[in-house]
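**Q** Right, I'll just put the structure down here and ask away after.
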Amino acid sequence: MPTTQPMTPIGRAQGYPSFKQAGMTLEKFSSILLRNLQFRTCWSHVTNSAFIKELVNLGDSITVARQPTIQVEPYVKGTPLKIKTRLGQPFKLTMDRACRWGQFYDELDLRRTHIKALTSSTVTAAADAVEEQIEREAFDWIGDKAPACNVGNEAGLRSHSYQLGTADHPVLVTRSNIAQYLMQFSPVLDETNLKNESGSRSVIMPTIAAYYLRSSEKLLDASQIGGASSLKTQQLGSLMGIGNIYISNLLEPNELGAFPVIYLAKEAVSYALAAQRTKTKEDPALLDGTLLHGWALYDWGVTREEGISIGWIKPNETALTVYNG
């Protein structure tokens, strides 16, 4: 009867060390992931992310003050100044939103791919996944944060003359009117007396709107619309009268086929993000493999609601006409 020999553990292929052996320490991996998140997430570019390095642990918080309203009165000689204090209610920005990610590589994965290439692709993929989760949450959250005067088909605090659309009654947009539609948002914010100190203004719109804008006859030079992009949300550039332009596949249509359009000033929303330590675990219980997992902490809040406007559009023109014979 033949004797049985115990199985020897699978050794790592020569030249293909583990993640830890390759120098992918927790701190290094997390810092690279955070840089990728800051670059890829449009939310950090269109909001005030000044606190992004101050809040790094779950439960950390900071009180964000809203801009005061200064009272002015006619000067009458010999009369005291009537002291009036009008401050918007401050809020606390707390790192209590979180998401986590994980990726397992077995021994065969590590043998087939150079370890440095694998770690690089893992960082990129993790940043893409976390970025998508954050932006989905943010776009859903901001939907009802604009004041009544900055939404609807009678928008404008003073004129009530801007047609931004609603979920039930969206504006029908085409290549011919998309530029005109988008140019309504900045005047809507202007009518609230939002000052230039509120920061740059940005619009986030669905991808089909970008096609209309790129091919709009009202743009003298459509080639100026285009630039670096990320996985789910792309920055097209900027246009006078509109601001910074982003398109996103994360803006979902409703049952009518209408898409939301988000417009905001940078100081309207404060945002904080931190990528916590990424962990690597190598253990025989993991079937001779390596598990990487980590999490991101984040939070946001409205500091100036008058700097937010929401619209709804419905595409009303096909990209091309198909010949039917």
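Here's how to read the names in the structure tokens: chain A, B, ... by the order shown, residue numbers from 1 in each chain, ligand numbers from 1 in the order shown.
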Got a sec to tell me which of segment 168-215 of chain A DSSP assigns to helix (DSSP H, G or I), as a PDB file with C-alpha atoms, in the first residue's frame?
**A**
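The file below, out.pdb, is the result:
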```pdb
ATOM      1  CA  ILE A 178     -29.195  73.079 -24.703  1.00  0.00           C
ATOM      2  CA  ALA A 179     -26.815  76.058 -24.389  1.00  0.00           C
ATOM      3  CA  GLN A 180     -29.719  78.431 -23.761  1.00  0.00           C
ATOM      4  CA  TYR A 181     -31.105  76.067 -21.146  1.00  0.00           C
ATOM      5  CA  LEU A 182     -27.820  75.774 -19.246  1.00  0.00           C
ATOM      6  CA  PHE A 185     -28.768  78.540 -13.985  1.00  0.00           C
ATOM      7  CA  SER A 186     -26.211  81.242 -13.237  1.00  0.00           C
ATOM      8  CA  PRO A 187     -28.783  84.093 -13.417  1.00  0.00           C
ATOM      9  CA  VAL A 188     -31.058  82.078 -11.118  1.00  0.00           C
ATOM     10  CA  LEU A 189     -28.287  82.080  -8.508  1.00  0.00           C
ATOM     11  CA  ASP A 190     -27.591  85.765  -9.224  1.00  0.00           C
ATOM     12  CA  ASN A 196     -18.682  85.954  -6.547  1.00  0.00           C
ATOM     13  CA  GLU A 197     -16.948  85.058  -3.277  1.00  0.00           C
ATOM     14  CA  SER A 198     -19.106  81.936  -3.197  1.00  0.00           C
ATOM     15  CA  THR A 207     -24.104  62.302 -20.924  1.00  0.00           C
ATOM     16  CA  ILE A 208     -26.683  62.851 -23.682  1.00  0.00           C
ATOM     17  CA  ALA A 209     -26.696  66.559 -22.811  1.00  0.00           C
ATOM     18  CA  ALA A 210     -22.961  66.660 -23.521  1.00  0.00           C
ATOM     19  CA  TYR A 211     -23.589  65.387 -27.047  1.00  0.00           C
ATOM     20  CA  TYR A 212     -26.149  68.123 -27.599  1.00  0.00           C
ATOM     21  CA  LEU A 213     -23.778  70.752 -26.204  1.00  0.00           C
ATOM     22  CA  ARG A 214     -20.786  69.605 -28.237  1.00  0.00           C
TER      23      ARG A 214
END
```
**Q** So that I can check the surroundings of Ala138 of chain A, please list as a list in words every protein, DNA and RNA residue that reaches within 10 Å of it, counting only C-alpha atoms and ignoring chain neighbours fewer than 6 positions away.
**A**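 Here the answer would be Trp43, Glu132, Asp299 and Trp300 of chain A.
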**Q** Can I get the selection written as a PDB file, in the first residue's frame, with N, CA and C atoms?
**A**
```pdb
ATOM      1  N   TRP A  43     -17.117  65.472  -7.037  1.00  0.00           N
ATOM      2  CA  TRP A  43     -17.727  66.095  -5.854  1.00  0.00           C
ATOM      3  C   TRP A  43     -16.710  66.934  -5.088  1.00  0.00           C
ATOM      4  N   GLU A 132     -17.645  55.975  -7.332  1.00  0.00           N
ATOM      5  CA  GLU A 132     -19.017  55.790  -7.815  1.00  0.00           C
ATOM      6  C   GLU A 132     -20.002  55.762  -6.656  1.00  0.00           C
ATOM      7  N   ASP A 299     -18.346  62.992   4.531  1.00  0.00           N
ATOM      8  CA  ASP A 299     -19.586  63.665   4.923  1.00  0.00           C
ATOM      9  C   ASP A 299     -19.679  64.974   4.158  1.00  0.00           C
ATOM     10  N   TRP A 300     -20.879  65.512   4.076  1.00  0.00           N
ATOM     11  CA  TRP A 300     -21.092  66.795   3.422  1.00  0.00           C
ATOM     12  C   TRP A 300     -22.306  67.477   4.034  1.00  0.00           C
TER      13      TRP A 300
END
```
**Q** Just checking: using only C-alpha atoms, which residue out of A:Asp96, A:His45, A:Gly241, A:Glu305 ends up closest to Asp60 of chain A?
**A**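 So, comparing all the options, the nearest one is A:Asp96.
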**Q** Show me, as a ChimeraX atom specification, the residues that have an atom within 10 Å of Cys99 of chain A when counting only C-alpha atoms, minus same-chain residues fewer than 4 positions from it.
**A** /A:129-130,133-134,275,294-298
**Q** For those residues, write N, CA and C atoms to a file as a PDB file, in the first residue's frame.
**A**
```pdb
ATOM      1  N   ALA A 129     -14.434  52.370  -7.689  1.00  0.00           N
ATOM      2  CA  ALA A 129     -15.614  51.822  -7.029  1.00  0.00           C
ATOM      3  C   ALA A 129     -16.094  52.734  -5.905  1.00  0.00           C
ATOM      4  N   VAL A 130     -15.162  53.243  -5.094  1.00  0.00           N
ATOM      5  CA  VAL A 130     -15.529  54.133  -3.995  1.00  0.00           C
ATOM      6  C   VAL A 130     -16.056  55.453  -4.541  1.00  0.00           C
ATOM      7  N   GLN A 133     -19.651  55.089  -5.575  1.00  0.00           N
ATOM      8  CA  GLN A 133     -20.542  55.015  -4.420  1.00  0.00           C
ATOM      9  C   GLN A 133     -20.774  56.404  -3.823  1.00  0.00           C
ATOM     10  N   ILE A 134     -19.697  57.188  -3.665  1.00  0.00           N
ATOM     11  CA  ILE A 134     -19.807  58.524  -3.080  1.00  0.00           C
ATOM     12  C   ILE A 134     -20.671  59.427  -3.944  1.00  0.00           C
ATOM     13  N   ALA A 275      -9.629  58.432   3.233  1.00  0.00           N
ATOM     14  CA  ALA A 275      -9.496  57.000   2.983  1.00  0.00           C
ATOM     15  C   ALA A 275      -8.748  56.390   4.157  1.00  0.00           C
ATOM     16  N   GLY A 294     -10.437  47.869   2.573  1.00  0.00           N
ATOM     17  CA  GLY A 294     -10.310  49.174   3.196  1.00  0.00           C
ATOM     18  C   GLY A 294     -11.641  49.885   3.196  1.00  0.00           C
ATOM     19  N   TRP A 295     -11.634  51.091   3.686  1.00  0.00           N
ATOM     20  CA  TRP A 295     -12.871  51.851   3.733  1.00  0.00           C
ATOM     21  C   TRP A 295     -12.577  53.344   3.607  1.00  0.00           C
ATOM     22  N   ALA A 296     -13.602  54.082   3.212  1.00  0.00           N
ATOM     23  CA  ALA A 296     -13.496  55.533   3.076  1.00  0.00           C
ATOM     24  C   ALA A 296     -14.539  56.182   3.971  1.00  0.00           C
ATOM     25  N   LEU A 297     -14.176  57.264   4.628  1.00  0.00           N
ATOM     26  CA  LEU A 297     -15.074  58.043   5.473  1.00  0.00           C
ATOM     27  C   LEU A 297     -15.334  59.370   4.795  1.00  0.00           C
ATOM     28  N   TYR A 298     -16.558  59.880   4.877  1.00  0.00           N
ATOM     29  CA  TYR A 298     -16.878  61.132   4.211  1.00  0.00           C
ATOM     30  C   TYR A 298     -18.158  61.721   4.785  1.00  0.00           C
TER      31      TYR A 298
END
```
**Q** Using only C-alpha atoms, what does the table of segment 149-187 of chain A residues within 10 Å of segment 255-269 of chain A look like, with each row giving the shortest atom pair and its distance in Å to one decimal, sorted by chain and ascending number, as a tab-separated table?
**A**
```
residue	atom	partner	partner_atom	distance
A:Asn150	CA	A:Tyr263	CA	9.8
A:Leu164	CA	A:Val261	CA	8.8
A:Gly165	CA	A:Pro260	CA	9.0
A:Thr166	CA	A:Pro260	CA	8.4
A:Ala167	CA	A:Ala258	CA	6.7
A:Asp168	CA	A:Leu256	CA	7.6
A:His169	CA	A:Ala258	CA	8.7
A:Pro170	CA	A:Ala258	CA	6.3
A:Val171	CA	A:Ala258	CA	8.6
A:Leu172	CA	A:Ala258	CA	8.9
A:Leu182	CA	A:Val261	CA	9.2
A:Phe185	CA	A:Tyr263	CA	6.8
A:Ser186	CA	A:Tyr263	CA	8.3
```
**Q** Report, in Å to a single decimal, how far apart atom CA of Met183 of chain A and atom CA of Ala155 of chain A are.
**A**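 Going from atom CA of Ala155 of chain A over to atom CA of Met183 of chain A covers 13.1 Å.
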**Q** Nearest to Pro206 of chain A: which of A:Glu191, A:Glu131, A:Glu252, A:Glu317 is it, counting only C-alpha atoms?
**A**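 That would be A:Glu252, the residue with the smallest distance to Pro206 of chain A.
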**Q** For atom CA of Ala126 of chain A and atom CA of Thr41 of chain A, quote the distance in Å rounded to one decimal.
**A**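 Straight-line distance from atom CA of Ala126 of chain A to atom CA of Thr41 of chain A works out to 12.5 Å.
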**Q** Check the smallest atom-to-atom distance from each of A:Asn153, A:Ser49, A:Asn249, A:Gln71 to Ile310 of chain A using only C-alpha atoms, then report the winner.
**A**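 Once distances to Ile310 of chain A are computed over only C-alpha atoms, the minimum belongs to A:Asn153.
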**Q** When you draw a straight line from atom CA of Ser121 of chain A to atom CA of Arg35 of chain A, how long is it in Å?
**A** 14.3 Å
**Q** Find the residue from A:Thr290, A:Asn193, A:Ser215, A:Thr47 that sits nearest to Asn244 of chain A; use only C-alpha atoms when measuring.
**A**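 When distances to Asn244 of chain A are compared using only C-alpha atoms, the smallest one comes from A:Thr47.
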